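Worksheet: one structure, shown below.
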Amino acid sequence: MFSGQEGVTIKTIFVQGPVPGFRLLFVLVLSLVLIVADARFDRLEEVRSRISTFLAPVFWLGNAPDRLGDWFAGLVTPREDLVSENEALKARLMILERRALKYAAVAAENNRLRELMNASGTLDDRVVVAEVVGVSPDPYSHEVIINKGSRDGVSAGQAILDANGLMGQVLYTSAFTSRVLLISDSSHAVPVEVLRNGLRAILLGNGDIGQLELVHVPDTGDIREGDVLVSSGLGGRFPKGYPVAEVSSITKDPGAPFITIHAEPMASLSRSKLVLVVFQEAGAAGAGELYDQQDDGEGGSAGDAEPGEAR
Amino acid sequence: MLSVISYPVMLLSIVVSLVLSISLFPHGWFEFRPEWVGLMVFYWTFRAPAQFGILSAWVLGLLLDVIEATPLGVNALGMAVIAFLVLTVHQRLRMFPMVQQCLIVFLLLGINQMLVHFIKQLLGAESAGFDYLWPAATSAVLWVIVCPLLDRLNLKLG
């Protein structure tokens, strides 16, 4: 901008070129346009996915210290420990295989009975093992990043499990990683039913990683402490029948129309390292048909929930 | 303004700040995780106002938006505001003793956090009280270490 002899002295004053205020204004307007386009109209998924793929090395590096620790632990573990662990795992495998044998027979019988009732048979879901490679830097959103992305066939909306129960759902995918919204996030909801009697309700996250909230259960609802809540498959997003949470406390207020119910998530949301991505084969059509036959009155209540898409 | 700026150091520090803001952090301490990217924007606008300005800060904020999965533009806006405020005060800032510089870091990163949380609340997040100011405080404390460290790296490698 400034040339000649006085350039040296003047440049130190106007370091940033003409007017930084103008740039700020430009950037402010651009940001506002982006925010509205992204938050209100969901127009920027493609851009986000591109940038996310570009940032893959950052995600990889973010997980590097942890992997280094694992690798080091692998180096220094004595052989006896590995042998004993191996034996323990083999024993566990035997027990689980026995249970699986029994389960296969029961599942086959169940499908035959369903055929007799003219309902569609249930298919077993296909799963892929993924690893948690990062957590969201924002302490108020419960999100983790897993190391499987659109290259592995993962797409937004798929359910994520750990060994004990439902963990959450895929929010965005990039080529190599995906972002998972946990069920404890305050914008997340899961349609569930009580395993004991099939009572349906919606399980909301409330931003507390160890506690969920079961809402809109009427005062007369049959629910007790210790009841297991499983995903009901209504809403078509989560597969049916996976354990989600266990009821931990029930508070009845005579003046309120609904009971206040708190539940503890089954999955260890903040500790699980390995997770399963569920690929649903037949989708929710089968589940919907099944419910139509049982009762028509209540079908809409839980189906209205748009799990996790309220952001 | 430093007499020499090392571009590799700039690039490396920015990548490290992005990595640090995503790497695993002790559970239960999430609230105190320093705003690494904000700190880097502060440092580089302060030390190299001719090379690193509002636009670079905005792009960096956009990357942070993708990492945090906030709506695109929220952190970008906050970072651009930090860069702008640093540009307006950086000449005085150089004269300040360390303690006063830390205070300014807290102030500016606090403004950034406040803006980001204000926009998030407009978009429907729940209010978190004043807890969101913790990252600004931890970043201000870290300034004592980060600023001399990067200065030394710049002088050595630039």
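Naming works like this for the structure tokens: A, B, ... for the chains as they're shown, residue 1 at the start of each chain, ligands 1 onward in shown order.
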Original post:
If we count only C-alpha atoms, which residues of chain B reach to within 8 Å of chain A? Please list them as JSON, numbers by chain.
Top reply: {"B": [15, 18, 19, 20, 21, 22, 23, 24, 27, 30, 31, 33, 49, 50, 53, 54, 55, 58, 63, 66, 67, 68, 69, 71, 72, 73, 74, 76, 77, 80, 81, 84, 87, 123, 124, 126, 128]}
**OP:** For region 189-204 of chain A, please output as JSON, numbers by chain all residues within 6 Å (counting only C-alpha atoms; exclusion window: fewer than 3 positions along the same chain).
**Re:** {"A": [212, 213, 214, 215, 228, 229, 230, 231, 232, 307, 308]}
Keeping N, CA and C atoms, export the residues of the selection given above as a tab-separated table (two decimals), in the first residue's frame.
```tsv
chain	number	residue	atom	x	y	z
A	212	LEU	N	-29.90	-41.32	32.30
A	212	LEU	CA	-30.81	-40.95	31.22
A	212	LEU	C	-32.18	-40.71	31.85
A	213	GLU	N	-33.09	-40.17	31.06
A	213	GLU	CA	-34.38	-39.81	31.59
A	213	GLU	C	-35.47	-40.45	30.74
A	214	LEU	N	-36.41	-41.13	31.38
A	214	LEU	CA	-37.51	-41.76	30.65
A	214	LEU	C	-38.71	-40.84	30.77
A	215	VAL	N	-39.21	-40.35	29.63
A	215	VAL	CA	-40.24	-39.31	29.72
A	215	VAL	C	-41.60	-39.81	29.25
A	228	VAL	N	-35.39	-53.49	32.85
A	228	VAL	CA	-34.46	-53.29	31.74
A	228	VAL	C	-35.21	-52.67	30.57
A	229	LEU	N	-34.64	-51.63	29.98
A	229	LEU	CA	-35.25	-50.98	28.82
A	229	LEU	C	-34.51	-51.43	27.58
A	230	VAL	N	-35.23	-51.94	26.59
A	230	VAL	CA	-34.59	-52.33	25.33
A	230	VAL	C	-35.11	-51.45	24.22
A	231	SER	N	-34.32	-51.31	23.14
A	231	SER	CA	-34.77	-50.48	22.03
A	231	SER	C	-35.98	-51.12	21.39
A	232	SER	N	-36.98	-50.29	21.04
A	232	SER	CA	-38.24	-50.86	20.56
A	232	SER	C	-38.24	-50.97	19.03
A	307	PRO	N	-35.16	-39.47	16.62
A	307	PRO	CA	-34.06	-39.60	17.57
A	307	PRO	C	-32.82	-38.86	17.10
A	308	GLY	N	-32.35	-38.03	17.96
A	308	GLY	CA	-31.03	-37.44	17.78
A	308	GLY	C	-30.90	-36.42	16.64
```
**OP:** Go through B:Tyr7, B:Trp36, B:Phe118, B:Phe96 and flag the residue nearest Ala140 (chain B), using only C-alpha atoms for the distances.
**Re:**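 Once distances to Ala140 (chain B) are computed over only C-alpha atoms, the minimum belongs to B:Trp36.
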**OP:** Would you return as a PyMOL selection string the members of region 44-248 of chain A that DSSP assigns to strand (DSSP E) on this structure's backbone?
**Re:** chain A and resi 126-135+143-146+159-161+166-173+178-182+189-194+200-205+212-215+228-231+243-248
Subject >> Straight-line distance linking CA of Glu87 (chain A) with CA of Leu274 (chain A), stated in Å to one decimal >> reply: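 According to the coordinates, CA of Glu87 (chain A) and CA of Leu274 (chain A) are separated by 21.1 Å.
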Give me the residues near Ser6 (chain B) as a PDB file with C-alpha atoms, in the first residue's frame, where near means some atom within 9 Å (using only C-alpha atoms) and where sequence neighbours in that chain fewer than 4 positions away do not count.
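Done, and the output landed in selection.pdb:
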```
ATOM      1  CA  MET B  10       3.630 -21.796  12.665  1.00  0.00           C
ATOM      2  CA  LEU B  11       2.312 -24.759  10.718  1.00  0.00           C
ATOM      3  CA  LEU B 153      11.485 -21.802  18.642  1.00  0.00           C
ATOM      4  CA  ASN B 154      10.887 -18.878  16.290  1.00  0.00           C
ATOM      5  CA  LEU B 155      14.227 -17.276  17.102  1.00  0.00           C
ATOM      6  CA  LYS B 156      16.093 -20.538  16.762  1.00  0.00           C
ATOM      7  CA  LEU B 157      14.511 -21.798  13.557  1.00  0.00           C
ATOM      8  CA  GLY B 158      13.373 -18.600  11.845  1.00  0.00           C
TER       9      GLY B 158
END
```
Original post:
Residues of region 28-145 of chain B in alpha helix (DSSP H) according to DSSP, as an NGL selection string?
Top reply: :B and (36-47 or 54-68 or 74-93 or 98-122 or 134-145)
Subject >> Residue nearest Asn112 (chain B) - candidates B:Thr45, B:Asn75, B:Thr70, B:Ser13, atoms counted: only C-alpha atoms >> reply: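 Between B:Thr45, B:Asn75, B:Thr70, B:Ser13, the residue approaching Asn112 (chain B) most closely is B:Asn75.
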**OP:** Please identify all polymer residues within 12 Å of Gln100 (chain B), counting only C-alpha atoms, omitting same-chain residues fewer than 6 positions from it, and present them as a list in words.
**Re:** Arg92, Leu93, Arg94, Phe106, Leu107, Ala140, Val141, Trp143 and Val144 of chain B
